[in-house]
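Enquirer: Provided herewith: start13.cif, mmCIF, C-alpha atoms and all ligand atoms.
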```
data_input
#
loop_
_atom_site.label_atom_id
_atom_site.label_comp_id
_atom_site.auth_asym_id
_atom_site.auth_seq_id
_atom_site.Cartn_x
_atom_site.Cartn_y
_atom_site.Cartn_z
CA MET A 1 -6.05 -22.18 -10.44
CA GLN A 2 -2.80 -20.25 -10.32
CA LEU A 3 -1.32 -17.25 -8.56
CA ALA A 4 -0.19 -15.98 -11.97
CA LEU A 5 -1.19 -12.38 -12.57
CA GLN A 6 -0.41 -12.59 -16.31
CA ALA A 7 -1.63 -9.51 -18.20
CA LYS A 8 -3.54 -8.16 -15.20
CA LYS A 9 -3.43 -4.36 -14.98
CA ILE A 10 -2.62 -3.25 -11.45
CA LEU A 11 -2.38 0.16 -9.79
CA VAL A 12 -0.19 0.36 -6.65
CA THR A 13 0.05 3.74 -4.92
CA GLY A 14 3.40 4.69 -3.38
CA GLY A 15 5.55 2.08 -5.09
CA THR A 16 9.07 3.46 -5.17
CA ARG A 17 10.15 2.47 -1.66
CA GLY A 18 9.41 -0.01 1.09
CA ILE A 19 6.37 -2.28 0.99
CA GLY A 20 4.92 -0.65 -2.13
CA ARG A 21 8.11 -1.28 -4.06
CA GLY A 22 8.06 -4.92 -2.94
CA ILE A 23 4.46 -5.30 -4.15
CA VAL A 24 5.18 -3.59 -7.50
CA LEU A 25 8.17 -5.82 -8.24
CA ALA A 26 6.47 -9.02 -7.06
CA ALA A 27 3.37 -8.25 -9.19
CA ALA A 28 5.50 -7.43 -12.25
CA ARG A 29 7.46 -10.68 -11.81
CA ALA A 30 4.15 -12.57 -11.59
CA GLY A 31 3.23 -11.22 -15.04
CA ALA A 32 1.15 -8.11 -14.23
CA ASP A 33 1.43 -4.70 -15.90
CA VAL A 34 1.85 -2.19 -13.09
CA LEU A 35 1.21 1.54 -12.74
CA THR A 36 2.65 3.11 -9.61
CA CYS A 37 3.24 6.59 -8.23
CA TYR A 38 5.47 8.54 -5.85
CA ARG A 39 6.07 12.09 -4.59
CA HIS A 40 9.83 12.62 -4.65
CA GLU A 41 12.25 12.19 -7.54
CA GLY A 42 15.49 10.36 -6.81
CA GLU A 43 17.46 7.13 -6.97
CA ALA A 44 14.52 5.06 -5.67
CA VAL A 45 12.46 6.13 -8.70
CA ASP A 46 15.32 5.63 -11.18
CA SER A 47 16.24 2.19 -9.82
CA LEU A 48 12.61 1.02 -9.83
CA VAL A 49 12.22 2.08 -13.47
CA ARG A 50 15.40 0.12 -14.30
CA GLU A 51 14.27 -2.99 -12.41
CA LEU A 52 10.83 -2.93 -14.05
CA LYS A 53 12.42 -2.60 -17.48
CA GLU A 54 14.47 -5.74 -16.78
CA THR A 55 11.31 -7.57 -15.67
CA GLY A 56 9.43 -7.01 -18.94
CA GLY A 57 5.79 -5.97 -19.31
CA ALA A 58 4.15 -2.57 -19.71
CA HIS A 59 4.87 -0.67 -16.50
CA HIS A 60 4.51 3.02 -15.67
CA VAL A 61 6.07 4.94 -12.77
CA VAL A 62 4.61 8.45 -12.44
CA ARG A 63 4.83 11.33 -10.02
CA ALA A 64 1.48 11.91 -8.28
CA ASP A 65 0.80 12.89 -4.66
CA VAL A 66 -2.28 10.88 -3.62
CA GLY A 67 -2.66 13.15 -0.58
CA GLU A 68 -4.27 15.62 -3.02
CA ILE A 69 -7.56 14.76 -4.64
CA ALA A 70 -6.73 16.50 -7.94
CA GLU A 71 -3.55 14.42 -8.17
CA VAL A 72 -5.50 11.19 -7.56
CA ASP A 73 -7.85 12.13 -10.37
CA ARG A 74 -4.89 12.80 -12.67
CA LEU A 75 -3.36 9.43 -11.70
CA ILE A 76 -6.56 7.55 -12.50
CA GLY A 77 -6.70 9.44 -15.81
CA ILE A 78 -3.26 8.02 -16.59
CA ALA A 79 -4.47 4.50 -15.68
CA ARG A 80 -7.44 4.92 -18.05
CA GLU A 81 -5.26 6.26 -20.84
CA ARG A 82 -2.44 3.69 -20.53
CA PHE A 83 -4.37 0.55 -19.50
CA GLY A 84 -8.02 1.19 -20.41
CA ARG A 85 -9.07 -0.94 -17.42
CA LEU A 86 -7.81 -2.08 -14.02
CA ASP A 87 -7.95 -5.61 -12.61
CA ALA A 88 -6.59 -4.66 -9.21
CA VAL A 89 -5.74 -1.70 -7.02
CA VAL A 90 -3.43 -1.56 -3.99
CA ASN A 91 -3.80 1.50 -1.77
CA ASN A 92 -0.36 1.41 -0.21
CA ALA A 93 0.91 5.02 0.00
CA GLY A 94 1.11 6.04 3.63
CA VAL A 95 2.82 8.53 5.90
CA ILE A 96 3.41 8.47 9.65
CA SER A 97 4.62 10.86 12.33
CA HIS A 98 5.19 10.49 16.06
CA ILE A 99 3.51 13.30 18.01
CA SER A 100 1.90 13.42 21.43
CA PHE A 101 -1.87 13.86 21.12
CA GLY A 102 -1.86 17.14 23.05
CA GLU A 103 0.50 18.63 20.47
CA LEU A 104 -1.06 17.11 17.37
CA ALA A 105 -1.77 20.10 15.10
CA ALA A 106 -4.78 20.10 12.79
CA ASP A 107 -2.65 20.28 9.65
CA GLU A 108 -0.64 17.20 10.71
CA TRP A 109 -3.87 15.33 11.47
CA SER A 110 -5.17 16.27 7.98
CA LYS A 111 -1.94 15.31 6.22
CA VAL A 112 -1.91 11.84 7.75
CA LEU A 113 -5.65 11.27 7.21
CA ASP A 114 -5.47 12.58 3.61
CA THR A 115 -2.70 10.20 2.56
CA ASN A 116 -3.63 7.15 4.61
CA LEU A 117 -7.43 7.19 4.27
CA THR A 118 -8.90 9.89 2.00
CA ALA A 119 -6.58 8.84 -0.83
CA ALA A 120 -8.05 5.31 -0.72
CA TYR A 121 -11.60 6.71 -0.85
CA ARG A 122 -10.79 8.77 -3.92
CA VAL A 123 -8.66 6.13 -5.67
CA ILE A 124 -11.35 3.45 -5.33
CA GLN A 125 -14.19 5.80 -6.28
CA GLN A 126 -12.41 7.08 -9.38
CA THR A 127 -11.30 3.61 -10.51
CA LEU A 128 -14.82 2.11 -10.27
CA PRO A 129 -15.55 2.65 -13.98
CA LEU A 130 -12.29 0.83 -14.78
CA LEU A 131 -12.90 -2.19 -12.50
CA ALA A 132 -14.66 -5.22 -13.97
CA THR A 133 -16.15 -8.33 -12.41
CA GLY A 134 -13.35 -10.26 -10.69
CA ALA A 135 -11.39 -7.13 -9.74
CA SER A 136 -9.62 -6.96 -6.38
CA VAL A 137 -8.82 -3.98 -4.16
CA VAL A 138 -6.27 -4.34 -1.37
CA ASN A 139 -5.93 -1.58 1.21
CA ILE A 140 -2.72 -1.57 3.22
CA GLY A 141 -3.70 -0.97 6.83
CA SER A 142 -1.64 -1.53 9.94
CA ARG A 143 -1.64 -4.08 12.74
CA GLY A 144 -1.32 -1.02 14.99
CA ALA A 145 -4.87 0.08 14.13
CA ALA A 146 -6.36 -2.67 16.31
CA ALA A 147 -3.64 -2.51 18.97
CA GLY A 148 -3.32 1.26 19.35
CA ILE A 149 0.07 3.02 19.45
CA PRO A 150 0.96 5.98 21.66
CA LEU A 151 2.00 9.13 19.72
CA ARG A 152 0.30 7.82 16.57
CA ALA A 153 -3.39 8.47 17.25
CA HIS A 154 -3.81 10.17 13.84
CA TYR A 155 -2.14 7.28 11.99
CA THR A 156 -4.03 4.51 13.81
CA ALA A 157 -7.32 6.40 13.38
CA ALA A 158 -6.70 6.54 9.63
CA LYS A 159 -5.75 2.85 9.45
CA ALA A 160 -8.78 1.84 11.54
CA GLY A 161 -10.89 3.90 9.12
CA MET A 162 -9.45 1.80 6.30
CA ILE A 163 -11.08 -1.28 7.88
CA GLY A 164 -14.54 0.37 7.98
CA LEU A 165 -14.12 1.56 4.38
CA THR A 166 -13.13 -1.96 3.34
CA ARG A 167 -15.98 -3.71 5.18
CA SER A 168 -18.61 -1.39 3.68
CA LEU A 169 -17.21 -1.49 0.15
CA ALA A 170 -16.92 -5.29 0.27
CA LYS A 171 -20.70 -5.36 0.78
CA GLU A 172 -21.50 -2.55 -1.66
CA LEU A 173 -19.25 -3.76 -4.47
CA GLY A 174 -19.53 -7.52 -3.83
CA PRO A 175 -22.62 -7.94 -6.04
CA LYS A 176 -20.56 -6.45 -8.91
CA GLY A 177 -17.89 -9.12 -8.34
CA ILE A 178 -15.37 -6.67 -6.87
CA ARG A 179 -13.52 -7.83 -3.75
CA VAL A 180 -12.06 -5.44 -1.14
CA ASN A 181 -9.65 -6.52 1.62
CA VAL A 182 -7.13 -5.07 4.05
CA VAL A 183 -3.60 -6.34 4.55
CA ALA A 184 -2.40 -5.19 7.97
CA PRO A 185 1.40 -5.34 8.33
CA GLY A 186 3.11 -5.74 11.68
CA VAL A 187 6.68 -4.40 11.63
CA ILE A 188 8.21 -4.83 8.19
CA GLU A 189 11.86 -4.01 7.65
CA THR A 190 12.27 -1.51 4.81
CA GLU A 191 15.08 0.76 3.58
CA ALA A 192 14.09 3.10 6.42
CA PHE A 193 16.10 0.84 8.76
CA ASP A 194 19.23 1.25 6.60
CA ALA A 195 18.89 5.02 6.86
CA MET A 196 19.00 4.92 10.71
CA PRO A 197 22.10 4.91 12.89
CA ARG A 198 23.10 1.24 13.35
CA ASP A 199 22.50 1.21 17.12
CA ARG A 200 18.99 2.58 16.73
CA ALA A 201 18.14 0.06 13.99
CA GLU A 202 19.45 -2.82 16.12
CA GLY A 203 17.47 -1.56 19.12
CA LEU A 204 14.25 -1.36 17.12
CA ARG A 205 14.79 -4.83 15.64
CA ALA A 206 15.29 -6.32 19.11
CA THR A 207 12.31 -4.49 20.64
CA TYR A 208 9.86 -5.48 17.92
CA ALA A 209 11.24 -8.99 17.35
CA GLN A 210 10.48 -9.98 20.93
CA LYS A 211 6.82 -9.01 20.44
CA THR A 212 6.33 -11.55 17.62
CA ALA A 213 5.85 -15.32 17.72
CA LEU A 214 8.45 -15.69 14.96
CA ALA A 215 10.93 -13.57 16.95
CA ARG A 216 11.86 -11.35 14.00
CA LEU A 217 10.66 -8.55 11.77
CA GLY A 218 9.04 -9.24 8.39
CA THR A 219 10.47 -8.51 4.96
CA VAL A 220 8.76 -6.66 2.11
CA THR A 221 8.72 -9.91 0.14
CA GLU A 222 6.85 -11.64 2.97
CA LEU A 223 4.29 -8.83 2.92
CA ALA A 224 3.98 -8.86 -0.88
CA GLY A 225 3.10 -12.59 -0.90
CA PRO A 226 -0.26 -12.26 0.89
CA VAL A 227 -1.04 -9.13 -1.17
CA LEU A 228 -0.48 -11.06 -4.41
CA PHE A 229 -2.69 -13.86 -3.10
CA LEU A 230 -5.51 -11.35 -2.48
CA LEU A 231 -5.00 -9.79 -5.92
CA SER A 232 -5.14 -13.16 -7.63
CA ASP A 233 -8.04 -15.46 -8.42
CA LEU A 234 -6.76 -17.86 -5.73
CA SER A 235 -8.66 -15.68 -3.24
CA SER A 236 -11.83 -15.28 -5.35
CA TYR A 237 -14.12 -16.02 -2.36
CA VAL A 238 -12.31 -13.75 0.12
CA THR A 239 -13.66 -10.24 0.70
CA GLY A 240 -14.08 -7.79 3.58
CA GLU A 241 -11.20 -9.45 5.45
CA THR A 242 -8.33 -7.95 7.40
CA PHE A 243 -5.32 -10.16 6.82
CA ASN A 244 -2.71 -9.56 9.54
CA VAL A 245 0.83 -10.14 8.29
CA ASP A 246 2.69 -9.63 11.54
CA GLY A 247 4.76 -12.69 12.42
CA GLY A 248 2.26 -13.56 15.14
CA ILE A 249 2.25 -10.41 17.29
N1 LIG B 1 6.83 -0.69 7.23
C1 LIG B 1 6.04 -1.10 8.20
O1 LIG B 1 6.47 -1.73 9.18
C2 LIG B 1 4.55 -0.85 8.15
C3 LIG B 1 3.75 -1.31 9.21
C4 LIG B 1 2.38 -1.12 9.15
C5 LIG B 1 1.81 -0.49 8.06
N2 LIG B 1 2.61 -0.04 7.05
C6 LIG B 1 1.94 0.62 5.91
O2 LIG B 1 2.48 0.14 4.70
C7 LIG B 1 2.48 1.17 3.71
C8 LIG B 1 3.89 1.34 3.17
O3 LIG B 1 4.75 1.65 4.28
P1 LIG B 1 6.33 1.68 4.10
O4 LIG B 1 6.92 1.47 5.44
O5 LIG B 1 6.74 0.83 2.97
O6 LIG B 1 6.53 3.23 3.71
P2 LIG B 1 7.79 3.97 3.06
O7 LIG B 1 8.99 3.10 3.12
O8 LIG B 1 7.82 5.30 3.68
O9 LIG B 1 7.38 4.12 1.52
C9 LIG B 1 6.25 4.84 1.20
C10 LIG B 1 6.08 4.89 -0.30
O10 LIG B 1 4.85 5.59 -0.58
C11 LIG B 1 5.14 6.77 -1.31
N3 LIG B 1 4.25 7.83 -0.84
C12 LIG B 1 4.10 8.31 0.42
N4 LIG B 1 3.18 9.27 0.44
C13 LIG B 1 2.74 9.41 -0.83
C14 LIG B 1 1.78 10.24 -1.45
N5 LIG B 1 1.09 11.15 -0.75
N6 LIG B 1 1.58 10.11 -2.78
C15 LIG B 1 2.26 9.19 -3.50
N7 LIG B 1 3.17 8.38 -2.97
C16 LIG B 1 3.41 8.49 -1.65
C17 LIG B 1 6.60 7.07 -1.06
O11 LIG B 1 7.10 7.82 -2.13
P3 LIG B 1 8.05 9.14 -1.82
O12 LIG B 1 9.32 8.57 -1.29
O13 LIG B 1 8.19 9.78 -3.16
O14 LIG B 1 7.30 9.95 -0.82
C18 LIG B 1 7.17 5.65 -1.01
O15 LIG B 1 7.35 5.14 -2.30
C19 LIG B 1 1.93 2.40 4.41
O16 LIG B 1 0.56 2.52 4.16
C20 LIG B 1 2.19 2.12 5.87
O17 LIG B 1 1.32 2.82 6.72
C21 LIG B 1 3.96 -0.18 7.08
#
```
Once more with this new file: its structure as structure tokens, please.

Expert:
Amino acid sequence: MQLALQAKKILVTGGTRGIGRGIVLAAARAGADVLTCYRHEGEAVDSLVRELKETGGAHHVVRADVGEIAEVDRLIGIARERFGRLDAVVNNAGVISHISFGELAADEWSKVLDTNLTAAYRVIQQTLPLLATGASVVNIGSRGAAAGIPLRAHYTAAKAGMIGLTRSLAKELGPKGIRVNVVAPGVIETEAFDAMPRDRAEGLRATYAQKTALARLGTVTELAGPVLFLLSDLSSYVTGETFNVDGGI
């Protein structure tokens, strides 16, 4: 048994930055053909396309906002057209905002729920005809869903919903040989830290590091490792699990 994802066809939503980008590149390097999506054009898209070209394989980077159901359907149409089947799906695209509950407007609630939870419902439902026995779905949740985080009730509600979705689908799709799991990151350092003023980034690193057993934040590569394990046949008897990748919070 090997981790190798040779010739597996994998869809990763939200793959141009952060954790999604780490998963896309790690999967491509492990031999998979990857389709990923994003919302905004820019250097992150261009550099990902370049890096994937250097990696080899048949990869596709397309613009599609998974917060909109019609866009999800278009994305899955592209997966069908380009790959014909899918061996694995990673629901990674997510958005967050920090708002006190008393001021949380209905449209902000909907935006966060649409991207973090409803997108996963639609992506999985529409990919079902493309998923064969042995397929693996990984939903990116958040360690914060179980802990609770002030000012992020909408986000943690969506991520907690991801666990219920995963548990039920693991049971419903298990007899078809399809596994469904959650990977719940703690605090993972992404490019977002580089974009902050240095003092603020240092402050956040120190605050979060002291909450973990390993006394540091995680990297996107360290998050991608467990995701690849769950996508691979090495985890063929693992389903319905929430895998915390949090440095021991
Ligand atoms: N980083 C952490 O510490 C952490 C902790 C817990 C959970 N998570 C979860 O991990 C996932 C990735 O987080 P991250 O920190 O890597 O985020 P990030 O750095 O903000 O990157 C998000 C990626 O998803 C894409 N995306 C966002 N909304 C999208 C949409 N509606 N349709 C298509 N693509 C979309 C973005 O593309 P554009 O730039 O084009 O919008 C970008 O490529 C999220 O589900 C997040 O909740 C992260």

Enquirer: Show me, as JSON, numbers by chain, the residues that have an atom within 12 Å of Gly31 (chain A) when counting only C-alpha atoms, minus same-chain residues fewer than 4 positions from it.

Expert: {"A": [2, 3, 4, 5, 6, 7, 8, 9, 10, 24, 25, 26, 27, 52, 55, 56, 57, 58, 59, 228, 232]}

Enquirer: Write as a ChimeraX atom specification the residues around ligand LIG 1 (chain B), taking 7 Å as the cut-off and counting all atoms listed in the file.

Expert: /A:13-21,37-41,64-67,92-96,115-116,140-144,184-192

Enquirer: Which of these, A:Tyr208, A:Asp33, A:Ile163, A:Glu54, has the shortest distance to Phe243 (chain A) once you count only C-alpha atoms?

Expert: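 For Phe243 (chain A), the nearest of the candidates is A:Ile163.
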
Enquirer: Is it possible to get the residues within 12 Å of (7.2, 13.9, 11.3) (coordinates as in the file, counting only C-alpha atoms) written as a list of chain:residue names?

Expert: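 The residues that fall inside the cut-off are A:Val95, A:Ile96, A:Ser97, A:His98, A:Ile99, A:Ser100, A:Leu104, A:Ala105, A:Asp107, A:Glu108, A:Trp109, A:Lys111, A:Val112, A:Leu151, A:Arg152, A:His154, A:Tyr155.
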
Enquirer: Take CA of Gly218 (chain A) and CA of Asp246 (chain A) and report the distance between them in Å, one decimal.

Expert: 7.1 Å

Enquirer: What separation in Å, quoted to one decimal, exists between CA of Pro226 (chain A) and CA of Thr212 (chain A)?

Expert: 18.0 Å

Enquirer: Quick one: which region 155-225 of chain A residues come within 7 Å of region 235-239 of chain A, and what is the nearest atom pair for each with the distance in Å to one decimal, counting only C-alpha atoms, rows ordered by chain and ascending number, as a Markdown table?

Expert:
```
| residue | atom | partner | partner_atom | distance |
| --- | --- | --- | --- | --- |
| A:Ala170 | CA | A:Thr239 | CA | 5.9 |
| A:Arg179 | CA | A:Thr239 | CA | 5.1 |
| A:Val180 | CA | A:Thr239 | CA | 5.4 |
| A:Asn181 | CA | A:Thr239 | CA | 5.5 |
```

Enquirer: Can you work out which one of A:Leu48, A:Ala132, A:Ile23, A:Leu11 has the shortest atom-to-atom distance to Thr219 (chain A), counting only C-alpha atoms?

Expert: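 Of the candidates, the smallest distance to Thr219 (chain A) is held by A:Ile23.
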
Enquirer: Would you mind telling me which residue in A:Leu217, A:Leu35, A:Ile69, A:Ile78 lies nearest to Leu204 (chain A) when using all atoms listed in the file?

Expert: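 The closest residue to Leu204 (chain A) is A:Leu217.
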
Enquirer: Rounded to one decimal in Å, what is the spacing between CA of Ile76 (chain A) and CA of Ala32 (chain A)?

Expert: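 Value for the CA of Ile76 (chain A)-CA of Ala32 (chain A) distance: 17.5 Å.
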
Enquirer: Please provide as an MDAnalysis selection string all residues within 7 Å of Leu231 (chain A), with the sequence filter that same-chain residues fewer than 4 positions apart are discarded (counting only C-alpha atoms).

Expert: chainID A and resid 88 136 227

Enquirer: Could you pull out every residue with an atom within 9 Å of (-8.8, 6.7, 1.1), file coordinates, counting all atoms listed in the file, and send them as a PDB file with C-alpha atoms, keeping the file's coordinate frame?

Expert:
```pdb
ATOM      1  CA  ASN A  91      -3.800   1.500  -1.770  1.00  0.00           C
ATOM      2  CA  LEU A 113      -5.650  11.270   7.210  1.00  0.00           C
ATOM      3  CA  ASP A 114      -5.470  12.580   3.610  1.00  0.00           C
ATOM      4  CA  THR A 115      -2.700  10.200   2.560  1.00  0.00           C
ATOM      5  CA  ASN A 116      -3.630   7.150   4.610  1.00  0.00           C
ATOM      6  CA  LEU A 117      -7.430   7.190   4.270  1.00  0.00           C
ATOM      7  CA  THR A 118      -8.900   9.890   2.000  1.00  0.00           C
ATOM      8  CA  ALA A 119      -6.580   8.840  -0.830  1.00  0.00           C
ATOM      9  CA  ALA A 120      -8.050   5.310  -0.720  1.00  0.00           C
ATOM     10  CA  TYR A 121     -11.600   6.710  -0.850  1.00  0.00           C
ATOM     11  CA  ARG A 122     -10.790   8.770  -3.920  1.00  0.00           C
ATOM     12  CA  VAL A 123      -8.660   6.130  -5.670  1.00  0.00           C
ATOM     13  CA  ILE A 124     -11.350   3.450  -5.330  1.00  0.00           C
ATOM     14  CA  ASN A 139      -5.930  -1.580   1.210  1.00  0.00           C
ATOM     15  CA  ALA A 158      -6.700   6.540   9.630  1.00  0.00           C
ATOM     16  CA  GLY A 161     -10.890   3.900   9.120  1.00  0.00           C
ATOM     17  CA  MET A 162      -9.450   1.800   6.300  1.00  0.00           C
ATOM     18  CA  LEU A 165     -14.120   1.560   4.380  1.00  0.00           C
TER      19      LEU A 165
END
```

Enquirer: Tell me which of A:Ala135, A:Ala209, A:Lys171, A:Asn244 sits closest to Ala147 (chain A), counting all atoms listed in the file.

Expert: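 Going through A:Ala135, A:Ala209, A:Lys171, A:Asn244 one by one, the smallest distance to Ala147 (chain A) is for A:Asn244.
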